[in-house]
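Let me begin by presenting the structure, written as structure tokens, before commenting on it.
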Amino acid sequence: KASRKIKRDQTMEKKKHLHDAVAEYLEEQQTKIEVLVRAHDVTPKTINDIIGGQSHYRNSRKTQLKNALVHAKSKEMNAGLPVGSRYLLPELREMVASDPKMKHLMSEEKVAYISALDEHCAKKLVGIWSNNLAAVCDVVATMDRIVKELDDLRVWSGIYATLFVVHGHINNMVQSAMHGTDNSEDFWEDMYEHPMADFLRQYEQWACTQNQSKSFTFLYTSSFNTLQILTNGTLWKRYGNRYVR
């Protein structure tokens, strides 16, 4: 018991010294803040915000020329090669070092290489990978919302609408889907003698042969004179017999 009491007293003494040191530091800090406030004619809140939890001064990260050259060499050497046969980063760096065309570059050439890498990085930030689960969830949530709005619009205004959503790549995880308000699905069998699902499969096959990922393509057939089609992020509106952006 005596040893535990001694240890407890030592711990309390350490805590007391720590609190005293922190209190002294805060008092000195407050004094320095007051000096800065008077010297720079600002409020104490401005100083406290600057020395707060996050740093307001960060090193800018610019694209390096060496990385831009490796990126250009990768596009040149790995184009058309399967994943397992592509050149690795150390090999690409050696190719860049031994390439005489990349040793003595003009300023314009350097800017062009760096701009190409910046553009590639920007596309990767906004692009959708074929196996991106978050993108799949976005597709499902967006389609559910559109289906509900179309059904509500059908009840409110009596329109007929047909919706096809397909993926643009064979490895894309997005599940193709379709929807027709009221008895719109009967239109395909009555007019073309094929169920609506057959046209969905054909649309899916066509989209996958385009060799690129496309945005949603929504097809609305309605009784309104104004028809809107959203294709690859572009909204087209129909006025009479013509479509305009």
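Convention: chains lettered A, B, ... in structure tokens order; per-chain residue numbering from 1; ligands numbered from 1 as shown.
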
If we count only C-alpha atoms and set the cut-off at 12 Å, which residues sit around A:Glu76, ignoring sequence neighbours fewer than 4 positions away in its own chain? Please answer as an mmCIF file with all heavy atoms, in the first residue's frame.
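Final file, part_2.cif:
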data_model
loop_
_atom_site.group_PDB
_atom_site.id
_atom_site.type_symbol
_atom_site.label_atom_id
_atom_site.label_comp_id
_atom_site.auth_asym_id
_atom_site.auth_seq_id
_atom_site.Cartn_x
_atom_site.Cartn_y
_atom_site.Cartn_z
ATOM 1 N N LEU A 69 7.513 12.757 -68.609
ATOM 2 C CA LEU A 69 8.233 12.004 -69.634
ATOM 3 C C LEU A 69 7.971 10.510 -69.512
ATOM 4 O O LEU A 69 7.811 9.810 -70.521
ATOM 5 C CB LEU A 69 9.736 12.289 -69.525
ATOM 6 C CG LEU A 69 10.163 13.733 -69.820
ATOM 7 C CD1 LEU A 69 11.657 13.892 -69.623
ATOM 8 C CD2 LEU A 69 9.769 14.134 -71.234
ATOM 9 N N VAL A 70 7.915 10.010 -68.286
ATOM 10 C CA VAL A 70 7.610 8.590 -68.083
ATOM 11 C C VAL A 70 6.196 8.278 -68.557
ATOM 12 O O VAL A 70 5.947 7.236 -69.171
ATOM 13 C CB VAL A 70 7.786 8.221 -66.601
ATOM 14 C CG1 VAL A 70 7.268 6.806 -66.324
ATOM 15 C CG2 VAL A 70 9.247 8.313 -66.207
ATOM 16 N N HIS A 71 5.274 9.192 -68.293
ATOM 17 C CA HIS A 71 3.896 8.999 -68.748
ATOM 18 C C HIS A 71 3.831 8.948 -70.272
ATOM 19 O O HIS A 71 3.144 8.082 -70.854
ATOM 20 C CB HIS A 71 3.029 10.134 -68.227
ATOM 21 C CG HIS A 71 1.657 10.170 -68.819
ATOM 22 N ND1 HIS A 71 0.681 9.245 -68.530
ATOM 23 C CD2 HIS A 71 1.087 11.037 -69.706
ATOM 24 C CE1 HIS A 71 -0.416 9.514 -69.205
ATOM 25 N NE2 HIS A 71 -0.198 10.590 -69.927
ATOM 26 N N ALA A 72 4.557 9.834 -70.946
ATOM 27 C CA ALA A 72 4.559 9.845 -72.404
ATOM 28 C C ALA A 72 5.190 8.575 -72.960
ATOM 29 O O ALA A 72 4.695 7.996 -73.936
ATOM 30 C CB ALA A 72 5.311 11.080 -72.905
ATOM 31 N N GLY A 80 -1.663 -0.781 -76.679
ATOM 32 C CA GLY A 80 -2.100 -2.020 -77.307
ATOM 33 C C GLY A 80 -1.596 -3.296 -76.657
ATOM 34 O O GLY A 80 -1.970 -4.390 -77.095
ATOM 35 N N LEU A 81 -0.761 -3.184 -75.637
ATOM 36 C CA LEU A 81 -0.228 -4.378 -74.980
ATOM 37 C C LEU A 81 -1.173 -4.843 -73.883
ATOM 38 O O LEU A 81 -1.780 -4.028 -73.193
ATOM 39 C CB LEU A 81 1.151 -4.087 -74.371
ATOM 40 C CG LEU A 81 2.277 -3.753 -75.349
ATOM 41 C CD1 LEU A 81 3.564 -3.474 -74.587
ATOM 42 C CD2 LEU A 81 2.488 -4.884 -76.355
ATOM 43 N N ARG A 86 2.945 -5.369 -70.281
ATOM 44 C CA ARG A 86 3.317 -3.960 -70.310
ATOM 45 C C ARG A 86 4.628 -3.724 -69.574
ATOM 46 O O ARG A 86 4.987 -4.445 -68.654
ATOM 47 C CB ARG A 86 2.201 -3.113 -69.682
ATOM 48 C CG ARG A 86 0.916 -3.123 -70.494
ATOM 49 C CD ARG A 86 -0.177 -2.350 -69.808
ATOM 50 N NE ARG A 86 -1.440 -2.410 -70.556
ATOM 51 C CZ ARG A 86 -2.571 -1.901 -70.152
ATOM 52 N NH1 ARG A 86 -2.633 -1.272 -68.992
ATOM 53 N NH2 ARG A 86 -3.656 -2.013 -70.900
ATOM 54 N N TYR A 87 5.346 -2.684 -70.007
ATOM 55 C CA TYR A 87 6.610 -2.330 -69.385
ATOM 56 C C TYR A 87 6.357 -1.726 -67.998
ATOM 57 O O TYR A 87 5.414 -0.971 -67.797
ATOM 58 C CB TYR A 87 7.377 -1.336 -70.252
ATOM 59 C CG TYR A 87 7.853 -1.918 -71.560
ATOM 60 C CD1 TYR A 87 7.099 -1.758 -72.729
ATOM 61 C CD2 TYR A 87 9.044 -2.629 -71.629
ATOM 62 C CE1 TYR A 87 7.524 -2.293 -73.932
ATOM 63 C CE2 TYR A 87 9.476 -3.166 -72.835
ATOM 64 C CZ TYR A 87 8.716 -2.999 -73.978
ATOM 65 O OH TYR A 87 9.137 -3.536 -75.163
ATOM 66 N N LEU A 92 10.550 1.818 -67.906
ATOM 67 C CA LEU A 92 10.179 3.053 -68.593
ATOM 68 C C LEU A 92 11.141 4.183 -68.254
ATOM 69 O O LEU A 92 11.493 4.999 -69.119
ATOM 70 C CB LEU A 92 8.748 3.447 -68.216
ATOM 71 C CG LEU A 92 7.643 2.497 -68.705
ATOM 72 C CD1 LEU A 92 6.303 2.887 -68.091
ATOM 73 C CD2 LEU A 92 7.550 2.529 -70.230
ATOM 74 N N MET A 95 14.168 3.749 -70.303
ATOM 75 C CA MET A 95 13.906 4.152 -71.682
ATOM 76 C C MET A 95 13.962 5.670 -71.828
ATOM 77 O O MET A 95 14.496 6.194 -72.809
ATOM 78 C CB MET A 95 12.541 3.635 -72.132
ATOM 79 C CG MET A 95 12.444 2.130 -72.236
ATOM 80 S SD MET A 95 10.778 1.620 -72.730
ATOM 81 C CE MET A 95 10.913 -0.157 -72.576
ATOM 82 N N VAL A 96 13.407 6.375 -70.850
ATOM 83 C CA VAL A 96 13.430 7.838 -70.895
ATOM 84 C C VAL A 96 14.867 8.342 -70.808
ATOM 85 O O VAL A 96 15.277 9.265 -71.524
ATOM 86 C CB VAL A 96 12.569 8.421 -69.756
ATOM 87 C CG1 VAL A 96 12.761 9.927 -69.651
ATOM 88 C CG2 VAL A 96 11.098 8.100 -69.982
#

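Pairwise distance (atom CA of A:Ala141, atom CA of A:Val174) equals 11.8 Å.
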
DSSP strand (DSSP E or B) selection over stretch 32-176 of chain A, as a PyMOL selection string: chain A and resi 162-165

Could you write those residues out with all heavy atoms, as a PDB file, in the first residue's frame?
ATOM      1  N   THR A 162     -40.635   5.821 -71.936  1.00  0.00           N
ATOM      2  CA  THR A 162     -39.835   4.594 -71.980  1.00  0.00           C
ATOM      3  C   THR A 162     -38.405   4.950 -71.613  1.00  0.00           C
ATOM      4  O   THR A 162     -37.853   5.935 -72.130  1.00  0.00           O
ATOM      5  CB  THR A 162     -39.870   3.965 -73.380  1.00  0.00           C
ATOM      6  OG1 THR A 162     -41.218   3.638 -73.707  1.00  0.00           O
ATOM      7  CG2 THR A 162     -39.029   2.703 -73.419  1.00  0.00           C
ATOM      8  N   LEU A 163     -37.796   4.145 -70.757  1.00  0.00           N
ATOM      9  CA  LEU A 163     -36.446   4.428 -70.262  1.00  0.00           C
ATOM     10  C   LEU A 163     -35.564   3.201 -70.461  1.00  0.00           C
ATOM     11  O   LEU A 163     -35.922   2.096 -70.048  1.00  0.00           O
ATOM     12  CB  LEU A 163     -36.495   4.809 -68.777  1.00  0.00           C
ATOM     13  CG  LEU A 163     -35.159   4.867 -68.033  1.00  0.00           C
ATOM     14  CD1 LEU A 163     -34.290   5.985 -68.592  1.00  0.00           C
ATOM     15  CD2 LEU A 163     -35.388   5.078 -66.540  1.00  0.00           C
ATOM     16  N   PHE A 164     -34.425   3.386 -71.123  1.00  0.00           N
ATOM     17  CA  PHE A 164     -33.390   2.364 -71.257  1.00  0.00           C
ATOM     18  C   PHE A 164     -32.114   2.877 -70.600  1.00  0.00           C
ATOM     19  O   PHE A 164     -31.693   4.000 -70.865  1.00  0.00           O
ATOM     20  CB  PHE A 164     -33.097   2.047 -72.724  1.00  0.00           C
ATOM     21  CG  PHE A 164     -34.210   1.331 -73.442  1.00  0.00           C
ATOM     22  CD1 PHE A 164     -34.883   1.944 -74.477  1.00  0.00           C
ATOM     23  CD2 PHE A 164     -34.578   0.051 -73.075  1.00  0.00           C
ATOM     24  CE1 PHE A 164     -35.906   1.299 -75.139  1.00  0.00           C
ATOM     25  CE2 PHE A 164     -35.607  -0.610 -73.741  1.00  0.00           C
ATOM     26  CZ  PHE A 164     -36.267   0.017 -74.767  1.00  0.00           C
ATOM     27  N   VAL A 165     -31.476   2.050 -69.788  1.00  0.00           N
ATOM     28  CA  VAL A 165     -30.171   2.370 -69.210  1.00  0.00           C
ATOM     29  C   VAL A 165     -29.273   1.163 -69.406  1.00  0.00           C
ATOM     30  O   VAL A 165     -29.586   0.074 -68.907  1.00  0.00           O
ATOM     31  CB  VAL A 165     -30.271   2.714 -67.711  1.00  0.00           C
ATOM     32  CG1 VAL A 165     -28.880   2.946 -67.138  1.00  0.00           C
ATOM     33  CG2 VAL A 165     -31.129   3.949 -67.503  1.00  0.00           C
TER      34      VAL A 165
END

State, in Å with one decimal place, the distance from atom CA of A:Glu149 to atom CA of A:Ser184. 15.7 Å

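All residues of protein, DNA or RNA that reach within 12 Å of stretch 22-29 of chain A, judged by only C-alpha atoms and not counting those fewer than 6 positions away in the chain, are Lys15, Lys16, Val35, Leu36, Pro44, Ile47, Asn48 and Ile51 of chain A.
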
Close residues, A:Lys45 itself excluded, 12 Å, only C-alpha atoms, min 4 positions apart in chain, as a PyMOL selection string: chain A and resi 30+33-34+36-37+41+49-52

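Between atom CA of A:Asn78 and atom CA of A:His104 the interatomic distance comes to 23.5 Å.
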
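Each of A:Pro90, A:Asp182, A:Val147, A:Thr63 was compared to A:Ile114 using only C-alpha atoms, and A:Thr63 turns out to be the nearest.
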
Within stretch 7-229 of chain A, find each residue whose DSSP state, derived from the backbone, is alpha helix (DSSP H), and express the selection as a ChimeraX atom specification. /A:7-40,44-50,65-77,89-98,107-126,133-157,185-192,196-208

Go ahead and dump the residues you just picked, C-alpha atoms, as a short mmCIF file (atom, residue, chain, number, x, y, z; two decimals), in the first residue's frame.
data_model
loop_
_atom_site.label_atom_id
_atom_site.label_comp_id
_atom_site.auth_asym_id
_atom_site.auth_seq_id
_atom_site.Cartn_x
_atom_site.Cartn_y
_atom_site.Cartn_z
CA LYS A 7 3.66 5.97 -7.00
CA ARG A 8 0.30 7.76 -6.98
CA ASP A 9 1.87 10.83 -5.38
CA GLN A 10 4.62 10.83 -8.02
CA THR A 11 2.02 10.62 -10.81
CA MET A 12 0.04 13.49 -9.31
CA GLU A 13 3.22 15.53 -9.01
CA LYS A 14 4.07 14.92 -12.70
CA LYS A 15 0.57 15.96 -13.73
CA LYS A 16 0.82 19.10 -11.64
CA HIS A 17 4.16 20.05 -13.24
CA LEU A 18 2.67 19.40 -16.69
CA HIS A 19 -0.40 21.54 -16.01
CA ASP A 20 1.78 24.33 -14.63
CA ALA A 21 4.00 24.20 -17.73
CA VAL A 22 0.99 24.27 -20.09
CA ALA A 23 -0.55 27.16 -18.17
CA GLU A 24 2.72 29.09 -18.41
CA TYR A 25 2.91 28.37 -22.15
CA LEU A 26 -0.68 29.53 -22.73
CA GLU A 27 -0.02 32.71 -20.80
CA GLU A 28 3.07 33.42 -22.90
CA GLN A 29 1.14 32.61 -26.07
CA GLN A 30 -1.64 34.99 -25.12
CA THR A 31 0.93 37.71 -24.54
CA LYS A 32 2.50 37.10 -27.96
CA ILE A 33 -0.92 37.09 -29.60
CA GLU A 34 -1.68 40.47 -28.10
CA VAL A 35 1.64 41.75 -29.47
CA LEU A 36 0.77 40.42 -32.96
CA VAL A 37 -2.71 41.96 -32.78
CA ARG A 38 -1.29 45.40 -32.06
CA ALA A 39 1.54 45.06 -34.59
CA HIS A 40 -0.66 43.89 -37.53
CA PRO A 44 -7.29 37.96 -31.84
CA LYS A 45 -9.68 35.62 -33.68
CA THR A 46 -7.69 36.10 -36.88
CA ILE A 47 -4.49 35.03 -35.15
CA ASN A 48 -6.17 32.06 -33.46
CA ASP A 49 -7.64 30.89 -36.76
CA ILE A 50 -4.21 30.91 -38.37
CA LEU A 65 8.85 16.87 -65.89
CA LYS A 66 10.39 13.47 -65.17
CA ASN A 67 6.96 12.02 -64.38
CA ALA A 68 5.50 13.61 -67.51
CA LEU A 69 8.23 12.00 -69.63
CA VAL A 70 7.61 8.59 -68.08
CA HIS A 71 3.90 9.00 -68.75
CA ALA A 72 4.56 9.84 -72.40
CA LYS A 73 6.91 6.88 -72.78
CA SER A 74 4.34 4.58 -71.18
CA LYS A 75 1.68 5.68 -73.66
CA GLU A 76 4.12 5.09 -76.50
CA MET A 77 5.44 1.67 -75.45
CA LEU A 89 8.05 1.77 -64.19
CA PRO A 90 11.81 1.06 -63.79
CA GLU A 91 11.99 -0.06 -67.42
CA LEU A 92 10.18 3.05 -68.59
CA ARG A 93 12.55 5.26 -66.62
CA GLU A 94 15.52 3.59 -68.28
CA MET A 95 13.91 4.15 -71.68
CA VAL A 96 13.43 7.84 -70.90
CA ALA A 97 17.05 8.16 -69.72
CA SER A 98 18.36 6.52 -72.90
CA SER A 107 10.53 24.96 -73.17
CA GLU A 108 7.46 24.44 -75.34
CA GLU A 109 8.07 20.68 -75.44
CA LYS A 110 8.41 20.51 -71.67
CA VAL A 111 5.15 22.40 -71.23
CA ALA A 112 3.43 20.04 -73.69
CA TYR A 113 4.57 16.92 -71.82
CA ILE A 114 3.48 18.35 -68.46
CA SER A 115 0.13 19.49 -69.85
CA ALA A 116 -0.53 16.00 -71.24
CA LEU A 117 0.05 14.44 -67.82
CA ASP A 118 -2.10 17.08 -66.09
CA GLU A 119 -4.93 16.37 -68.51
CA HIS A 120 -4.59 12.63 -67.91
CA CYS A 121 -4.76 13.12 -64.12
CA ALA A 122 -7.80 15.39 -64.45
CA LYS A 123 -9.63 12.76 -66.50
CA LYS A 124 -8.84 10.10 -63.92
CA LEU A 125 -10.36 12.23 -61.17
CA VAL A 126 -13.70 12.54 -62.92
CA LEU A 133 -19.04 0.11 -56.94
CA ALA A 134 -19.77 3.71 -56.02
CA ALA A 135 -20.65 4.43 -59.64
CA VAL A 136 -22.97 1.42 -59.70
CA CYS A 137 -24.74 2.69 -56.59
CA ASP A 138 -25.10 6.11 -58.22
CA VAL A 139 -26.67 4.51 -61.30
CA VAL A 140 -29.15 2.52 -59.22
CA ALA A 141 -30.11 5.46 -57.03
CA THR A 142 -30.46 7.82 -60.00
CA MET A 143 -32.57 5.38 -61.99
CA ASP A 144 -34.86 4.72 -59.02
CA ARG A 145 -35.42 8.45 -58.68
CA ILE A 146 -36.10 8.90 -62.40
CA VAL A 147 -38.51 5.94 -62.49
CA LYS A 148 -40.45 7.40 -59.57
CA GLU A 149 -40.59 10.82 -61.22
CA LEU A 150 -41.77 9.34 -64.51
CA ASP A 151 -44.50 7.34 -62.78
CA ASP A 152 -45.61 10.40 -60.85
CA LEU A 153 -45.60 12.44 -64.04
CA ARG A 154 -47.70 9.76 -65.72
CA VAL A 155 -50.32 10.02 -62.99
CA TRP A 156 -50.22 13.82 -63.04
CA SER A 157 -50.17 14.50 -66.78
CA GLU A 185 -44.10 -2.03 -72.88
CA ASP A 186 -46.96 -3.17 -75.11
CA PHE A 187 -45.86 -0.66 -77.74
CA TRP A 188 -42.80 -2.72 -78.69
CA GLU A 189 -44.75 -5.94 -79.15
CA ASP A 190 -47.63 -4.27 -80.95
CA MET A 191 -45.43 -2.33 -83.39
CA TYR A 192 -42.36 -4.55 -83.79
CA MET A 196 -39.15 -4.65 -74.89
CA ALA A 197 -36.36 -6.75 -73.35
CA ASP A 198 -35.10 -7.71 -76.83
CA PHE A 199 -34.52 -4.07 -77.68
CA LEU A 200 -32.74 -3.58 -74.35
CA ARG A 201 -30.31 -6.40 -75.18
CA GLN A 202 -29.70 -5.01 -78.67
CA TYR A 203 -29.12 -1.55 -77.24
CA GLU A 204 -26.67 -3.03 -74.73
CA GLN A 205 -24.76 -4.91 -77.45
CA TRP A 206 -24.59 -1.80 -79.59
CA ALA A 207 -23.32 0.32 -76.68
CA CYS A 208 -20.56 -2.19 -75.84
#
